[in-house]
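Reproduced below: model34.tsv, with TSV, C-alpha atoms.
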```
chain	number	residue	atom	x	y	z
C	600	MET	CA	11.28	15.71	11.25
C	601	SER	CA	13.78	14.03	13.49
C	602	SER	CA	15.27	10.82	12.15
C	603	ILE	CA	14.71	9.38	15.65
C	604	ASP	CA	11.00	9.16	14.83
C	605	SER	CA	11.29	5.86	13.01
C	606	TRP	CA	8.80	3.04	12.62
C	607	SER	CA	9.21	-0.71	12.43
C	608	VAL	CA	7.44	-3.56	10.69
C	609	ALA	CA	8.33	-7.20	11.28
C	610	GLY	CA	11.54	-6.14	13.03
C	611	ARG	CA	12.73	-3.88	10.19
C	612	THR	CA	13.09	-0.18	10.92
C	613	PHE	CA	12.52	2.72	8.53
C	614	THR	CA	12.65	6.48	8.86
C	615	SER	CA	10.50	7.38	5.84
C	616	ARG	CA	6.80	6.78	6.40
C	617	LEU	CA	5.98	7.02	2.70
C	618	ILE	CA	5.82	3.89	0.53
C	619	VAL	CA	5.50	4.37	-3.21
C	620	GLY	CA	4.47	2.10	-6.06
C	621	THR	CA	6.13	1.20	-9.33
C	622	GLY	CA	3.20	1.17	-11.74
C	623	LYS	CA	1.77	3.67	-14.25
C	624	TYR	CA	4.99	5.64	-14.70
C	625	LYS	CA	6.17	6.69	-18.15
C	626	ASP	CA	9.27	4.56	-17.72
C	627	PHE	CA	11.58	3.09	-15.07
C	628	GLU	CA	13.75	6.21	-15.16
C	629	GLN	CA	10.87	8.50	-14.18
C	630	ASN	CA	9.85	6.00	-11.51
C	631	ALA	CA	13.35	6.02	-10.04
C	632	ALA	CA	13.47	9.83	-10.01
C	633	ALA	CA	10.13	9.97	-8.19
C	634	VAL	CA	11.26	7.43	-5.61
C	635	GLU	CA	14.38	9.49	-4.92
C	636	ALA	CA	12.37	12.70	-4.57
C	637	SER	CA	9.90	11.01	-2.23
C	638	GLY	CA	12.59	9.84	0.17
C	639	ALA	CA	10.81	6.47	0.30
C	640	GLU	CA	12.75	3.49	1.60
C	641	ILE	CA	10.18	0.92	0.42
C	642	VAL	CA	8.70	0.43	-3.04
C	643	THR	CA	5.85	-1.93	-3.77
C	644	VAL	CA	6.15	-4.06	-6.90
C	645	ALA	CA	3.36	-5.88	-8.72
C	646	VAL	CA	5.03	-9.24	-9.27
C	647	ARG	CA	2.65	-10.16	-12.12
C	648	ARG	CA	3.27	-6.93	-14.04
C	649	VAL	CA	6.74	-5.54	-13.33
C	650	ASN	CA	9.89	-7.25	-14.59
C	651	VAL	CA	12.21	-8.12	-11.72
C	652	SER	CA	13.55	-11.45	-12.95
C	653	ASP	CA	14.05	-11.44	-16.76
C	654	PRO	CA	17.49	-9.98	-17.58
C	655	GLY	CA	16.60	-10.06	-21.28
C	656	ALA	CA	14.24	-7.10	-20.84
C	657	PRO	CA	14.52	-3.79	-18.98
C	658	MET	CA	14.46	-4.53	-15.26
C	659	LEU	CA	13.25	-2.32	-12.43
C	660	THR	CA	16.24	-3.40	-10.38
C	661	ASP	CA	18.53	-1.62	-12.87
C	662	TYR	CA	16.93	1.69	-11.87
C	663	ILE	CA	15.91	1.19	-8.24
C	664	ASP	CA	18.65	-0.61	-6.32
C	665	PRO	CA	17.16	-3.38	-4.12
C	666	LYS	CA	20.24	-3.10	-1.89
C	667	LYS	CA	19.26	0.48	-1.02
C	668	ILE	CA	15.48	0.35	-1.34
C	669	THR	CA	13.34	-2.41	0.20
C	670	TYR	CA	11.21	-4.16	-2.41
C	671	LEU	CA	7.72	-5.08	-1.25
C	672	PRO	CA	6.26	-7.59	-3.74
C	673	ASN	CA	2.49	-7.33	-4.01
C	674	THR	CA	-0.32	-9.41	-5.43
C	675	ALA	CA	-2.02	-6.74	-7.56
C	676	GLY	CA	-4.38	-8.37	-10.02
C	677	CYS	CA	-5.17	-11.38	-7.85
C	678	PHE	CA	-8.85	-12.13	-7.24
C	679	ASN	CA	-8.62	-15.20	-5.02
C	680	ALA	CA	-6.44	-16.52	-2.23
C	681	ASP	CA	-4.84	-19.29	-4.30
C	682	ASP	CA	-3.57	-16.88	-6.97
C	683	ALA	CA	-2.21	-14.48	-4.36
C	684	ILE	CA	-0.41	-17.24	-2.46
C	685	ARG	CA	1.08	-18.65	-5.67
C	686	THR	CA	2.24	-15.21	-6.77
C	687	LEU	CA	4.08	-14.57	-3.52
C	688	ARG	CA	5.66	-18.03	-3.52
C	689	LEU	CA	7.07	-17.19	-6.96
C	690	ALA	CA	8.28	-13.83	-5.66
C	691	ARG	CA	10.12	-15.52	-2.82
C	692	GLU	CA	11.78	-17.91	-5.25
C	693	ALA	CA	12.76	-15.06	-7.58
C	694	GLY	CA	14.11	-12.59	-5.05
C	695	GLY	CA	14.06	-14.20	-1.63
C	696	TRP	CA	11.42	-11.76	-0.41
C	697	ASP	CA	9.42	-12.62	2.71
C	698	LEU	CA	8.08	-9.15	3.63
C	699	VAL	CA	5.20	-8.86	1.16
C	700	LYS	CA	2.04	-6.90	0.47
C	701	LEU	CA	-1.08	-8.99	0.15
C	702	GLU	CA	-4.14	-7.79	-1.71
C	703	VAL	CA	-6.96	-10.04	-2.88
C	704	LEU	CA	-9.53	-8.10	-4.86
C	705	GLY	CA	-13.25	-8.83	-4.98
C	706	GLU	CA	-14.05	-7.59	-8.47
C	707	ALA	CA	-12.66	-5.26	-11.13
C	708	LYS	CA	-15.06	-2.33	-10.88
C	709	THR	CA	-14.34	-1.20	-7.31
C	710	LEU	CA	-11.09	-3.12	-6.68
C	711	TYR	CA	-12.33	-3.55	-3.13
C	712	PRO	CA	-10.70	-6.37	-1.21
C	713	ASN	CA	-12.45	-9.71	-0.82
C	714	MET	CA	-12.00	-10.05	2.93
C	715	ARG	CA	-12.87	-13.76	3.14
C	716	GLU	CA	-10.16	-14.62	0.59
C	717	THR	CA	-7.78	-12.05	2.09
C	718	LEU	CA	-8.08	-13.58	5.56
C	719	GLU	CA	-7.57	-17.09	4.19
C	720	ALA	CA	-4.45	-16.03	2.27
C	721	THR	CA	-3.07	-14.20	5.32
C	722	GLU	CA	-3.33	-17.34	7.45
C	723	VAL	CA	-1.62	-19.53	4.85
C	724	LEU	CA	1.18	-17.05	4.14
C	725	ALA	CA	1.91	-16.46	7.81
C	726	LYS	CA	2.19	-20.23	8.40
C	727	GLU	CA	4.64	-20.45	5.48
C	728	GLY	CA	6.93	-17.85	7.02
C	729	PHE	CA	5.85	-14.83	5.00
C	730	LEU	CA	5.45	-11.46	6.67
C	731	PRO	CA	2.27	-10.12	5.04
C	732	MET	CA	1.34	-6.44	5.08
C	733	VAL	CA	-2.34	-6.65	4.18
C	734	TYR	CA	-4.61	-4.38	2.12
C	735	CYS	CA	-8.11	-4.37	3.59
C	736	VAL	CA	-11.40	-2.55	3.98
C	737	ASP	CA	-11.51	0.29	6.50
C	738	ASP	CA	-13.20	-1.91	9.09
C	739	PRO	CA	-11.73	-2.15	12.61
C	740	ILE	CA	-13.18	-5.64	13.15
C	741	ALA	CA	-11.69	-7.00	9.92
C	742	ALA	CA	-8.40	-5.29	10.75
C	743	LYS	CA	-8.16	-7.07	14.10
C	744	GLN	CA	-9.03	-10.41	12.48
C	745	LEU	CA	-6.16	-9.93	10.01
C	746	GLU	CA	-3.77	-9.09	12.82
C	747	ASP	CA	-4.81	-12.26	14.68
C	748	ALA	CA	-4.27	-14.23	11.45
C	749	GLY	CA	-0.65	-13.09	11.20
C	750	ALA	CA	-0.63	-9.77	9.34
C	751	VAL	CA	2.46	-7.75	10.27
C	752	ALA	CA	0.81	-4.51	9.13
C	753	ILE	CA	-2.75	-3.44	8.41
C	754	MET	CA	-3.33	-1.36	5.26
C	755	PRO	CA	-6.89	-0.02	5.09
C	756	LEU	CA	-8.01	1.78	1.96
C	757	GLY	CA	-8.72	5.49	2.20
C	758	ALA	CA	-10.84	5.32	-0.97
C	759	PRO	CA	-10.97	2.98	-3.99
C	760	ILE	CA	-7.62	2.19	-5.63
C	761	GLY	CA	-6.59	4.84	-8.14
C	762	SER	CA	-9.57	7.09	-7.37
C	763	GLY	CA	-7.66	9.96	-5.79
C	764	LEU	CA	-10.70	10.74	-3.63
C	765	GLY	CA	-8.78	11.02	-0.38
C	766	ILE	CA	-9.73	9.49	2.96
C	767	GLN	CA	-13.48	9.00	2.96
C	768	ASN	CA	-13.96	7.76	6.52
C	769	ARG	CA	-11.67	9.26	9.11
C	770	VAL	CA	-13.64	7.65	11.94
C	771	THR	CA	-12.93	4.05	10.94
C	772	ILE	CA	-9.27	4.73	10.10
C	773	ARG	CA	-8.82	6.24	13.56
C	774	LEU	CA	-10.55	3.25	15.19
C	775	ILE	CA	-8.25	0.86	13.31
C	776	VAL	CA	-5.21	2.82	14.50
C	777	GLU	CA	-6.45	2.79	18.10
C	778	GLY	CA	-7.14	-0.94	18.08
C	779	ALA	CA	-4.03	-2.19	16.28
C	780	SER	CA	-0.81	-3.45	17.83
C	781	VAL	CA	0.90	-3.63	14.42
C	782	PRO	CA	1.60	-0.70	12.06
C	783	VAL	CA	-1.34	0.82	10.20
C	784	LEU	CA	-0.75	2.41	6.79
C	785	VAL	CA	-3.38	3.99	4.57
C	786	ASP	CA	-3.22	2.26	1.21
C	787	ALA	CA	-5.21	3.48	-1.80
C	788	GLY	CA	-7.22	6.58	-2.52
C	789	VAL	CA	-4.67	9.32	-1.82
C	790	GLY	CA	-4.89	12.02	-4.49
C	791	THR	CA	-2.83	14.93	-3.27
C	792	ALA	CA	-0.58	16.06	-0.45
C	793	SER	CA	-3.36	17.09	1.92
C	794	ASP	CA	-4.76	13.53	1.80
C	795	ALA	CA	-1.41	12.13	2.93
C	796	ALA	CA	-1.24	14.67	5.74
C	797	VAL	CA	-4.73	13.68	6.93
C	798	ALA	CA	-3.71	10.01	7.09
C	799	MET	CA	-0.73	10.88	9.26
C	800	GLU	CA	-2.74	13.26	11.46
C	801	LEU	CA	-5.06	10.33	12.25
C	802	GLY	CA	-2.08	8.50	13.74
C	803	CYS	CA	-1.26	6.13	10.90
C	804	ASP	CA	2.29	4.83	10.80
C	805	GLY	CA	2.61	5.52	7.09
C	806	VAL	CA	0.97	5.97	3.71
C	807	LEU	CA	1.27	3.94	0.51
C	808	MET	CA	0.51	5.52	-2.84
C	809	ASN	CA	1.11	4.99	-6.53
C	810	THR	CA	-1.34	6.75	-8.86
C	811	ALA	CA	-1.23	10.05	-6.95
C	812	ILE	CA	2.42	10.42	-7.92
C	813	ALA	CA	2.59	8.48	-11.20
C	814	GLU	CA	-0.36	10.29	-12.81
C	815	ALA	CA	0.54	13.77	-11.56
C	816	LYS	CA	1.49	16.27	-14.26
C	817	ASP	CA	4.94	16.42	-12.67
C	818	PRO	CA	5.47	13.11	-10.82
C	819	VAL	CA	8.84	14.06	-9.35
C	820	ARG	CA	7.54	17.32	-7.92
C	821	MET	CA	4.45	15.56	-6.56
C	822	ALA	CA	6.67	12.93	-4.95
C	823	ARG	CA	8.53	15.68	-3.15
C	824	ALA	CA	5.21	17.22	-2.04
C	825	MET	CA	4.07	13.87	-0.66
C	826	LYS	CA	7.30	13.50	1.31
C	827	LEU	CA	6.73	16.87	2.96
C	828	ALA	CA	3.03	16.18	3.56
C	829	VAL	CA	3.72	12.90	5.35
C	830	GLU	CA	6.34	14.59	7.52
C	831	ALA	CA	4.02	17.53	8.30
C	832	GLY	CA	1.09	15.25	9.13
C	833	ARG	CA	3.26	13.16	11.43
C	834	ASP	CA	4.55	16.25	13.24
C	835	ALA	CA	0.98	17.54	13.60
C	836	TYR	CA	-0.09	14.22	15.13
C	837	LEU	CA	2.82	14.23	17.56
C	838	GLY	CA	2.24	17.92	18.33
C	839	GLY	CA	-1.33	17.17	19.40
C	840	ARG	CA	-3.96	19.29	17.71
C	841	MET	CA	-6.02	21.83	19.63
C	842	GLY	CA	-9.51	20.88	20.71
C	843	GLN	CA	-12.38	21.76	18.40
C	844	ARG	CA	-14.97	24.24	19.70
C	845	ARG	CA	-18.45	25.12	18.54
C	846	TYR	CA	-17.84	28.85	18.84
C	847	ALA	CA	-15.03	31.38	18.57
C	848	ASP	CA	-12.41	31.73	21.29
C	849	PRO	CA	-10.26	34.88	21.03
C	850	SER	CA	-6.49	34.57	20.87
C	851	SER	CA	-6.24	37.67	23.06
C	852	PRO	CA	-8.36	37.94	26.25
C	853	LEU	CA	-11.35	40.28	26.07
C	854	ALA	CA	-11.08	41.23	29.75
C	855	GLY	CA	-8.98	44.19	30.81
C	856	LEU	CA	-9.32	46.10	27.53
C	857	ILE	CA	-8.20	49.74	27.54
```
Whole structure given in structure tokens:
Amino acid sequence: MSSIDSWSVAGRTFTSRLIVGTGKYKDFEQNAAAVEASGAEIVTVAVRRVNVSDPGAPMLTDYIDPKKITYLPNTAGCFNADDAIRTLRLAREAGGWDLVKLEVLGEAKTLYPNMRETLEATEVLAKEGFLPMVYCVDDPIAAKQLEDAGAVAIMPLGAPIGSGLGIQNRVTIRLIVEGASVPVLVDAGVGTASDAAVAMELGCDGVLMNTAIAEAKDPVRMARAMKLAVEAGRDAYLGGRMGQRRYADPSSPLAGLI
């Protein structure tokens, strides 16, 4: 895929459309190897769980260079707006980060976003100068509300976090893409390379994943597969798929046969 086909969020431009997480890996070393294989230029970091500020313990920054890879602090584990806002304020103090990933979960069983709290947090963060990329339900109305509230990217789930079920509702993802004027990235639910390709074929600007790579039998090889899948899906979208027909249509004309 041509490097000219870049995408931008909040004025920052990237060529890789794959964002990877930093949780569930065996160790930081394996995580770093997977990031390299994926070609990702952004990694998302759970501020409440991953050490990025205590030099007395192993630090992610020793393995994944924040000067080369953009860190996207996230609010994983937050179940209300206040906790999410506080977490990102601490992240900004620790690393100066303003481009952030907001997720406010409703409850532990489904890890679905609480959209009322998510919208409230988005408004507050945007007013404080943050640039929130926001995890949300796959609802085109909610997506537009988040954009109006100051979200710099919309990140609808494909399926529940960590489920690996793939994109469950292509219709709503496509509607979100069509209605958005900010980047749309599928976040959560990707299980294998074909899922990533589907997200890109729907016109999404990118895909974020963690478990699909971290819990693969060979995370580094899976990371490489995801890189290729995202590129293939993007090319397929740009190439413009053929129309679907109810019946067969021969590749060679039936008229004029010998």
With all atoms listed in the file as the counted atoms, please give the residues lying no more than 7 Å from stretch 620-623 of chain C, apart from itself and same-chain residues fewer than 2 positions off, as a tab-separated table (two decimals) with C-alpha atoms, in the frame of the given file.
```
chain	number	residue	atom	x	y	z
C	618	ILE	CA	5.82	3.89	0.53
C	625	LYS	CA	6.17	6.69	-18.15
C	630	ASN	CA	9.85	6.00	-11.51
C	642	VAL	CA	8.70	0.43	-3.04
C	643	THR	CA	5.85	-1.93	-3.77
C	644	VAL	CA	6.15	-4.06	-6.90
C	808	MET	CA	0.51	5.52	-2.84
C	809	ASN	CA	1.11	4.99	-6.53
C	810	THR	CA	-1.34	6.75	-8.86
C	813	ALA	CA	2.59	8.48	-11.20
```
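One distance worth recording is that between atom CA of C:Leu617 and atom CA of C:Asn768, which is 20.3 Å.
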Mind listing as number ranges by chain all residues within 10 Å of (-8.5, -15.4, 7.1), counting all atoms listed in the file? C: 680, 714-723, 741, 744-750
What gap, in Å, lies between atom CA of C:Met754 and atom CA of C:Val785?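 Atom CA of C:Met754 sits 5.4 Å away from atom CA of C:Val785.
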Could you check which of C:Ala847, C:Met799, C:Ala831, C:Ile663 is closest to C:Glu635, using all atoms listed in the file?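 Comparing C:Ala847, C:Met799, C:Ala831, C:Ile663 against C:Glu635, the winner is C:Ile663.
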Hey, which of C:Asp653, C:Ser605, C:Ala639, C:Ala822 ends up closest to C:Tyr670? Count all atoms listed in the file.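 Of C:Asp653, C:Ser605, C:Ala639, C:Ala822, the one nearest C:Tyr670, counting all atoms listed in the file, is C:Ala639.
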Spatial neighbours of C:Ala815, 10 Å, all atoms listed in the file, chain gap at least 6 places, as a list in words: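 With the cut-off at 10 Å, the set is Tyr624, Gly790, Thr791, Met821 and Ala822 of chain C.
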Take the structure in the block and write a file for stretch 755-766 of chain C, all heavy atoms, as a compact mmCIF listing (two decimals), in the first residue's frame.
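Contents of the output file decode-v4.txt:
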```txt
# COMPACT_ATOMS: atom_id res chain seq x y z
N PRO C 755 -16.05 2.82 17.52
CA PRO C 755 -17.12 1.88 17.86
C PRO C 755 -16.60 0.46 18.04
O PRO C 755 -15.66 0.04 17.36
CB PRO C 755 -18.05 1.96 16.64
CG PRO C 755 -17.14 2.34 15.52
CD PRO C 755 -16.12 3.25 16.12
N LEU C 756 -17.22 -0.28 18.96
CA LEU C 756 -16.82 -1.66 19.16
C LEU C 756 -17.33 -2.52 18.00
O LEU C 756 -18.41 -2.27 17.45
CB LEU C 756 -17.35 -2.20 20.49
CG LEU C 756 -18.84 -2.11 20.80
CD1 LEU C 756 -19.61 -3.27 20.20
CD2 LEU C 756 -19.05 -2.08 22.31
N GLY C 757 -16.54 -3.52 17.63
CA GLY C 757 -17.00 -4.49 16.65
C GLY C 757 -17.76 -5.61 17.34
O GLY C 757 -18.69 -6.19 16.80
N ALA C 758 -17.31 -5.93 18.55
CA ALA C 758 -17.91 -6.94 19.43
C ALA C 758 -17.36 -6.65 20.83
O ALA C 758 -16.47 -5.81 20.98
CB ALA C 758 -17.54 -8.35 18.97
N PRO C 759 -17.86 -7.31 21.87
CA PRO C 759 -17.35 -7.03 23.22
C PRO C 759 -15.82 -7.15 23.33
O PRO C 759 -15.20 -7.98 22.65
CB PRO C 759 -18.05 -8.09 24.07
CG PRO C 759 -19.34 -8.31 23.37
CD PRO C 759 -19.00 -8.24 21.91
N ILE C 760 -15.25 -6.31 24.17
CA ILE C 760 -13.80 -6.28 24.39
C ILE C 760 -13.28 -7.68 24.71
O ILE C 760 -13.82 -8.37 25.58
CB ILE C 760 -13.46 -5.33 25.56
CG1 ILE C 760 -13.72 -3.87 25.16
CG2 ILE C 760 -12.01 -5.49 26.00
CD1 ILE C 760 -13.55 -2.88 26.30
N GLY C 761 -12.24 -8.09 24.03
CA GLY C 761 -11.58 -9.36 24.32
C GLY C 761 -12.32 -10.59 23.87
O GLY C 761 -11.89 -11.71 24.13
N SER C 762 -13.46 -10.41 23.15
CA SER C 762 -14.27 -11.58 22.76
C SER C 762 -13.74 -12.28 21.52
O SER C 762 -13.96 -13.48 21.33
CB SER C 762 -15.72 -11.14 22.53
OG SER C 762 -15.82 -10.32 21.37
N GLY C 763 -13.10 -11.53 20.63
CA GLY C 763 -12.61 -12.12 19.39
C GLY C 763 -13.71 -12.56 18.44
O GLY C 763 -13.47 -13.37 17.54
N LEU C 764 -14.91 -12.02 18.60
CA LEU C 764 -16.05 -12.45 17.80
C LEU C 764 -16.11 -11.81 16.41
O LEU C 764 -16.89 -12.22 15.57
CB LEU C 764 -17.35 -12.15 18.55
CG LEU C 764 -17.60 -13.00 19.80
CD1 LEU C 764 -18.81 -12.45 20.57
CD2 LEU C 764 -17.84 -14.46 19.42
N GLY C 765 -15.29 -10.79 16.19
CA GLY C 765 -15.34 -10.10 14.91
C GLY C 765 -16.47 -9.08 14.86
O GLY C 765 -17.24 -8.93 15.80
N ILE C 766 -16.58 -8.38 13.74
CA ILE C 766 -17.59 -7.33 13.62
C ILE C 766 -18.97 -7.95 13.51
O ILE C 766 -19.26 -8.69 12.57
CB ILE C 766 -17.29 -6.44 12.40
CG1 ILE C 766 -15.98 -5.68 12.66
CG2 ILE C 766 -18.42 -5.45 12.15
CD1 ILE C 766 -15.51 -4.86 11.50
```
